[in-house]
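One structure below.
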Amino acid sequence: MNPILSEQELIRREKLTELEAAGIDPYPAALYPVSHYSADIKAGFSPDDAAQFANVCVAGRIMSINDKGKVFFIKIQDSRGIIQLYVRRDDLYPGEDKQEWDVLIKRGLDLGDFIGCKGYVFVTKTGETSIHAQNLTLLAKSLKPLPVVKRDEDGHVYDEVTDPEFKYRQRYADLVVNPDVKKIFLQRTKLVNTIRQFLNERGAIEVDTPVLQPIPGGATARPFGTHHNALDVPMFMRIANELYLKRLIVGGFDWVYEFSRNFRNEGMDRTHNPEFTVLEWYTAYKDYYWMMEVTEQLFETIALALHGTTAVKLGDKIIDYKAPFKRVTIFDAVKEHTGIDISHMNEDELRAVCGQLHIDVHASMGKGKLIDAIFGATSEHKYIQPTFIMDYPIEMSPLTKKHRSKPGLVERFELMVNGKELANAYTELNDPIDQRQRFEDQLRLMERGDDEAMFIDQDFLRALSYGMPPTSGIGIGIDRLCMFMLDQVSIQDVLLFPMMRPENFGE
RNA sequence: GAUCUGGUAGCUCAGUCGGUAGAGCAAUACACUUUUAAUGUAUGGGCCCUGGGUUCGAGUCCCAGCCGGAUCACCA
């Protein structure tokens, strides 16, 4: 606790002492028998049927106090909204002794305190549904003033707290004071629940796989390293769960999924947090064409669940998630946006195209990375409406099955929305001999200087050797999906506690 | 990592040319028994992010650092 207290914090501590001296416990232990939420009272009450709400008990945090002398109007916020309490001195303390009124109500209450109230519901002269208090209980004292944010009838906000550092570091206060922030996170939960329901009702099984892994596999990224003391071995935080889910397909599950918290020790910006969530699922006996259809259905279902329509606002754009989505191969995409057909070019020719288009290249880049660079620089950002980009070069897809009819390509698609990758899926490589070769190719890339190439996972190869049925799998970035579906420009606004540099509290 | 930008009361923010630190809300006190973001009157509240420098004098100018944000590069 910061030893330097502000004037207002000191005053609140003095009030605490005064309350205790008067025999009022500022932090009572007993449960408080809440019977109603603010929103239910406001939605359900009508003066003609007042009996139904003649005896309610609510609890929440004090958001405003209007002191009228012998009458107080107090607004409290519970988890569902805000309701006003009408507190009249002579109703709470009808006798001669008004001392507790002075100590508890007049001097003892502050913005931010939790109180409980029993009473009956009525409508004030000004038309606000309120609770006429018959009993008021202090449930928890607040010692630190929250930011004061006010709203008028038109929804205009005064003194809104917008400082990102405050919002992200003290999300607890941000949530109290900014109801729209809370709404975003409720929507995020709804999005995740919608996906769960979608997958569960189709027979998918939710599983948990290791977060601590001896070999960080399934993606190309720099991992966080750590150490297991009892085993005295290095361990890594997972960068992807792909290889574990495929092991489960080997084991006989035919549709598994996991919301995987992944950790990557790389830069952070408004679209990247060091830990982030990816939904991956793998389905046996399916291919990437099937996967495209299910993906379209899923995105359409999510948009409808959140917004009641497939047309979703994102910045100044409207993204329409109505299935089916457009499909275009990566070579056709490049041809469309540059006029150049790179589909049959070798590495030197691709390098020449990069020079012609002023794209930075590195000597370590192989054919796959060059093609990816050309696509990224010329085409990727042009796909605003949901589009499947299909059939990637084999060099950049070491876990993907070779294309059934196009040599040098694999059966892979990425879903582009708003010019960004939202999902990545393939027909999975289940040929153990081919898989070993692909790993070895990665090793060669690594030797050539590509520090993102994959490690060989011998146990995964052993699993594939037992036989894995033909399978299709997908990974969907959940944080990014939330950003797109909830119209947020920063990943920090869809993460409750985005990573921040540790705060220095002094000493 | 590079560039730009910000940090002043509990909160939102002003602060001119370098010359005694400001407003609204919040707080304290008094008045008011159905109020409406924010009733009236009075009062208190400051490590101007930190450390150096320039100057008679620094919230203000210079340098370095700390903590954010934006843009760019790389990754989802």
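Chain lettering (A, B, ...) mirrors the order of the structure tokens, residue numbering begins at 1 for each chain separately, and ligand numbering begins at 1 in order of display.
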Test item: residues at most 10 Å from C75 (chain B), only C-alpha atoms (C1' of nucleotides), excluding those fewer than 5 positions along its chain, as a compact mmCIF listing (two decimals) with N, CA, C and O atoms, in the first residue's frame:
# COMPACT_ATOMS: atom_id res chain seq x y z
N THR A 220 5.79 -21.17 -35.68
CA THR A 220 7.14 -20.60 -35.75
C THR A 220 7.13 -19.30 -34.96
O THR A 220 6.53 -18.33 -35.39
N ALA A 221 7.75 -19.33 -33.80
CA ALA A 221 7.77 -18.13 -32.95
C ALA A 221 8.79 -18.31 -31.85
O ALA A 221 9.20 -19.44 -31.55
N ARG A 222 9.22 -17.21 -31.25
CA ARG A 222 10.16 -17.30 -30.14
C ARG A 222 9.40 -17.54 -28.85
O ARG A 222 8.51 -16.78 -28.49
N ARG A 264 4.10 -15.88 -26.69
CA ARG A 264 5.19 -15.66 -27.66
C ARG A 264 6.02 -14.48 -27.21
O ARG A 264 5.51 -13.41 -26.92
N ASN A 265 7.32 -14.75 -27.17
CA ASN A 265 8.26 -13.77 -26.62
C ASN A 265 8.71 -12.82 -27.72
O ASN A 265 9.87 -12.82 -28.11
N GLU A 266 7.76 -12.03 -28.20
CA GLU A 266 8.03 -11.15 -29.32
C GLU A 266 7.52 -9.76 -28.99
O GLU A 266 7.10 -9.49 -27.88
N GLY A 267 7.55 -8.89 -29.97
CA GLY A 267 7.13 -7.51 -29.73
C GLY A 267 5.65 -7.41 -29.39
O GLY A 267 4.87 -8.33 -29.64
N MET A 268 5.30 -6.32 -28.77
CA MET A 268 3.89 -6.08 -28.49
C MET A 268 3.46 -4.73 -29.04
O MET A 268 4.22 -3.77 -29.01
N HIS A 272 -0.89 -7.11 -30.80
CA HIS A 272 -0.16 -8.27 -30.27
C HIS A 272 0.06 -8.14 -28.77
O HIS A 272 0.65 -7.15 -28.31
N GLU A 452 13.11 -18.67 -37.36
CA GLU A 452 11.74 -19.03 -37.02
C GLU A 452 11.39 -20.45 -37.43
O GLU A 452 10.26 -20.89 -37.24
**Q.** At most 6 Å to chain B: residues in chain A, only C-alpha atoms (C1' of nucleotides), as a ChimeraX atom specification
**A.** /A:68-71,124-125,145,147-148,150-152,159,165
(Q) Write out as a list in words the set of residues from region 283-384 of chain A that DSSP, computed on the backbone, places in strand (DSSP E). (A)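 Matching residues, listed in order: Thr283, Ala284, Ala311, Val312, Lys313, Leu314, Lys317, Ile318, Ile319, Asp320, Lys326, Arg327, Val328 and Thr329 of chain A.
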Write out, as a short mmCIF file (atom, residue, chain, number, x, y, z; two decimals), in the first residue's frame, the residues just selected, with N, CA, C and O atoms.
data_model
loop_
_atom_site.label_atom_id
_atom_site.label_comp_id
_atom_site.auth_asym_id
_atom_site.auth_seq_id
_atom_site.Cartn_x
_atom_site.Cartn_y
_atom_site.Cartn_z
N THR A 283 -10.54 -32.20 -36.93
CA THR A 283 -11.66 -33.09 -37.20
C THR A 283 -11.20 -34.19 -38.16
O THR A 283 -10.67 -33.89 -39.24
N ALA A 284 -11.39 -35.43 -37.72
CA ALA A 284 -10.94 -36.57 -38.53
C ALA A 284 -11.86 -36.78 -39.73
O ALA A 284 -13.05 -36.45 -39.69
N ALA A 311 -24.04 -8.31 -40.80
CA ALA A 311 -23.29 -7.11 -41.17
C ALA A 311 -22.79 -6.43 -39.90
O ALA A 311 -23.58 -5.94 -39.10
N VAL A 312 -21.47 -6.42 -39.70
CA VAL A 312 -20.89 -5.95 -38.45
C VAL A 312 -20.04 -4.71 -38.70
O VAL A 312 -19.19 -4.69 -39.59
N LYS A 313 -20.26 -3.69 -37.88
CA LYS A 313 -19.50 -2.45 -38.01
C LYS A 313 -18.07 -2.65 -37.50
O LYS A 313 -17.86 -3.22 -36.43
N LEU A 314 -17.11 -2.17 -38.29
CA LEU A 314 -15.71 -2.21 -37.86
C LEU A 314 -15.05 -0.92 -38.32
O LEU A 314 -14.76 -0.76 -39.51
N LYS A 317 -16.03 0.77 -41.62
CA LYS A 317 -16.43 -0.25 -42.58
C LYS A 317 -17.57 -1.12 -42.03
O LYS A 317 -17.78 -1.18 -40.83
N ILE A 318 -18.25 -1.78 -42.93
CA ILE A 318 -19.21 -2.81 -42.54
C ILE A 318 -18.69 -4.13 -43.10
O ILE A 318 -18.48 -4.27 -44.31
N ILE A 319 -18.44 -5.09 -42.22
CA ILE A 319 -17.98 -6.41 -42.65
C ILE A 319 -19.18 -7.34 -42.64
O ILE A 319 -19.88 -7.45 -41.62
N ASP A 320 -19.42 -8.01 -43.76
CA ASP A 320 -20.58 -8.91 -43.83
C ASP A 320 -20.11 -10.36 -43.74
O ASP A 320 -19.42 -10.86 -44.63
N LYS A 326 -15.88 -15.50 -50.18
CA LYS A 326 -15.14 -15.59 -51.43
C LYS A 326 -13.91 -16.50 -51.25
O LYS A 326 -13.32 -16.52 -50.17
N ARG A 327 -13.53 -17.22 -52.31
CA ARG A 327 -12.34 -18.07 -52.26
C ARG A 327 -11.41 -17.69 -53.40
O ARG A 327 -11.85 -17.55 -54.54
N VAL A 328 -10.13 -17.50 -53.08
CA VAL A 328 -9.17 -17.17 -54.13
C VAL A 328 -7.81 -17.76 -53.76
O VAL A 328 -7.44 -17.78 -52.58
N THR A 329 -7.11 -18.29 -54.74
CA THR A 329 -5.79 -18.87 -54.43
C THR A 329 -4.79 -17.75 -54.26
O THR A 329 -4.98 -16.63 -54.77
#
(Q) as a list in words, please: the residues near G59 (chain B) (cut-off 12 Å, only C-alpha atoms (C1' of nucleotides), same-chain neighbours under 3 positions excluded). (A)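 Result of the neighbour search: G7, U8, G15, G18, A21, G22, G46, C48 and C49 of chain B.
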Would you output that residue set with N, CA, C and O atoms (P, O5', C5', C4', C3', O3' and C1' of nucleotides), as an mmCIF file, in the first residue's frame?
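Okay, out08.cif is ready:
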data_model
loop_
_atom_site.group_PDB
_atom_site.id
_atom_site.type_symbol
_atom_site.label_atom_id
_atom_site.label_comp_id
_atom_site.auth_asym_id
_atom_site.auth_seq_id
_atom_site.Cartn_x
_atom_site.Cartn_y
_atom_site.Cartn_z
ATOM 1 P P G B 7 1.539 16.713 -20.537
ATOM 2 O "O5'" G B 7 1.578 15.525 -19.489
ATOM 3 C "C5'" G B 7 0.364 14.914 -19.051
ATOM 4 C "C4'" G B 7 0.671 13.895 -17.978
ATOM 5 C "C3'" G B 7 1.255 14.488 -16.698
ATOM 6 O "O3'" G B 7 0.764 13.798 -15.557
ATOM 7 C "C1'" G B 7 2.750 12.900 -17.625
ATOM 8 P P U B 8 -0.399 14.460 -14.680
ATOM 9 O "O5'" U B 8 0.152 15.914 -14.352
ATOM 10 C "C5'" U B 8 1.046 16.108 -13.279
ATOM 11 C "C4'" U B 8 0.790 17.411 -12.595
ATOM 12 C "C3'" U B 8 -0.618 17.601 -12.062
ATOM 13 O "O3'" U B 8 -0.838 16.942 -10.822
ATOM 14 C "C1'" U B 8 -0.005 19.518 -13.256
ATOM 15 P P G B 15 -3.211 25.689 -22.047
ATOM 16 O "O5'" G B 15 -2.414 26.470 -20.921
ATOM 17 C "C5'" G B 15 -2.773 27.817 -20.597
ATOM 18 C "C4'" G B 15 -2.154 28.211 -19.295
ATOM 19 C "C3'" G B 15 -0.632 28.083 -19.216
ATOM 20 O "O3'" G B 15 0.023 29.151 -19.853
ATOM 21 C "C1'" G B 15 -1.595 27.185 -17.260
ATOM 22 P P G B 18 9.351 32.090 -22.502
ATOM 23 O "O5'" G B 18 9.426 31.804 -20.933
ATOM 24 C "C5'" G B 18 8.345 31.189 -20.265
ATOM 25 C "C4'" G B 18 8.485 31.385 -18.784
ATOM 26 C "C3'" G B 18 8.306 32.823 -18.321
ATOM 27 O "O3'" G B 18 7.835 32.804 -16.984
ATOM 28 C "C1'" G B 18 10.442 32.098 -17.743
ATOM 29 P P A B 21 3.639 29.609 -6.874
ATOM 30 O "O5'" A B 21 2.203 29.348 -7.456
ATOM 31 C "C5'" A B 21 1.868 29.781 -8.765
ATOM 32 C "C4'" A B 21 0.549 29.184 -9.177
ATOM 33 C "C3'" A B 21 -0.511 29.276 -8.087
ATOM 34 O "O3'" A B 21 -1.780 29.551 -8.688
ATOM 35 C "C1'" A B 21 -0.205 27.016 -8.727
ATOM 36 P P G B 22 -2.854 30.449 -7.889
ATOM 37 O "O5'" G B 22 -4.186 30.294 -8.741
ATOM 38 C "C5'" G B 22 -5.001 29.159 -8.583
ATOM 39 C "C4'" G B 22 -5.787 29.000 -9.841
ATOM 40 C "C3'" G B 22 -7.019 28.124 -9.722
ATOM 41 O "O3'" G B 22 -8.117 28.852 -9.202
ATOM 42 C "C1'" G B 22 -5.774 27.477 -11.605
ATOM 43 P P G B 46 -1.569 19.666 -0.165
ATOM 44 O "O5'" G B 46 -1.317 19.610 -1.735
ATOM 45 C "C5'" G B 46 -1.598 18.419 -2.465
ATOM 46 C "C4'" G B 46 -0.689 18.348 -3.675
ATOM 47 C "C3'" G B 46 0.769 18.668 -3.405
ATOM 48 O "O3'" G B 46 1.591 17.786 -4.130
ATOM 49 C "C1'" G B 46 -0.080 20.159 -5.047
ATOM 50 P P C B 48 6.117 19.135 -7.036
ATOM 51 O "O5'" C B 48 5.182 19.123 -8.298
ATOM 52 C "C5'" C B 48 5.543 18.284 -9.404
ATOM 53 C "C4'" C B 48 4.500 18.346 -10.455
ATOM 54 C "C3'" C B 48 5.094 18.428 -11.855
ATOM 55 O "O3'" C B 48 4.282 17.673 -12.735
ATOM 56 C "C1'" C B 48 3.712 20.291 -11.472
ATOM 57 P P C B 49 4.995 16.796 -13.810
ATOM 58 O "O5'" C B 49 5.626 15.585 -12.994
ATOM 59 C "C5'" C B 49 4.819 14.734 -12.184
ATOM 60 C "C4'" C B 49 5.554 13.454 -11.916
ATOM 61 C "C3'" C B 49 7.031 13.630 -11.592
ATOM 62 O "O3'" C B 49 7.247 13.937 -10.226
ATOM 63 C "C1'" C B 49 6.782 11.969 -13.254
#
Q: Write out as a list in words which residues come within 8 Å of Gly368 (chain A) when counting only C-alpha atoms (C1' of nucleotides), dropping same-chain ones fewer than 4 positions away.
A: Asp372, Pro393, Ile394, Glu395 and Met396 of chain A
Q | Long-range neighbours of Ala140 (chain A) as a VMD selection string, 7 Å cut-off, only C-alpha atoms (C1' of nucleotides), 6 positions minimum in chain | A | chain A and resid 26 to 27 113 to 115
Q: Skip Thr277 (chain A) itself and residues of its chain fewer than 3 positions away, then list as a PyMOL selection string all residues within 9 Å of it, counting only C-alpha atoms (C1' of nucleotides).
A: chain A and resi 259-263+476-479
Q | Polymer residues at most 12 Å from A64 (chain B), only C-alpha atoms (C1' of nucleotides), same-chain spacing of 3 or more positions, as a list in words | A | U50, G51, G52 and G53 of chain B
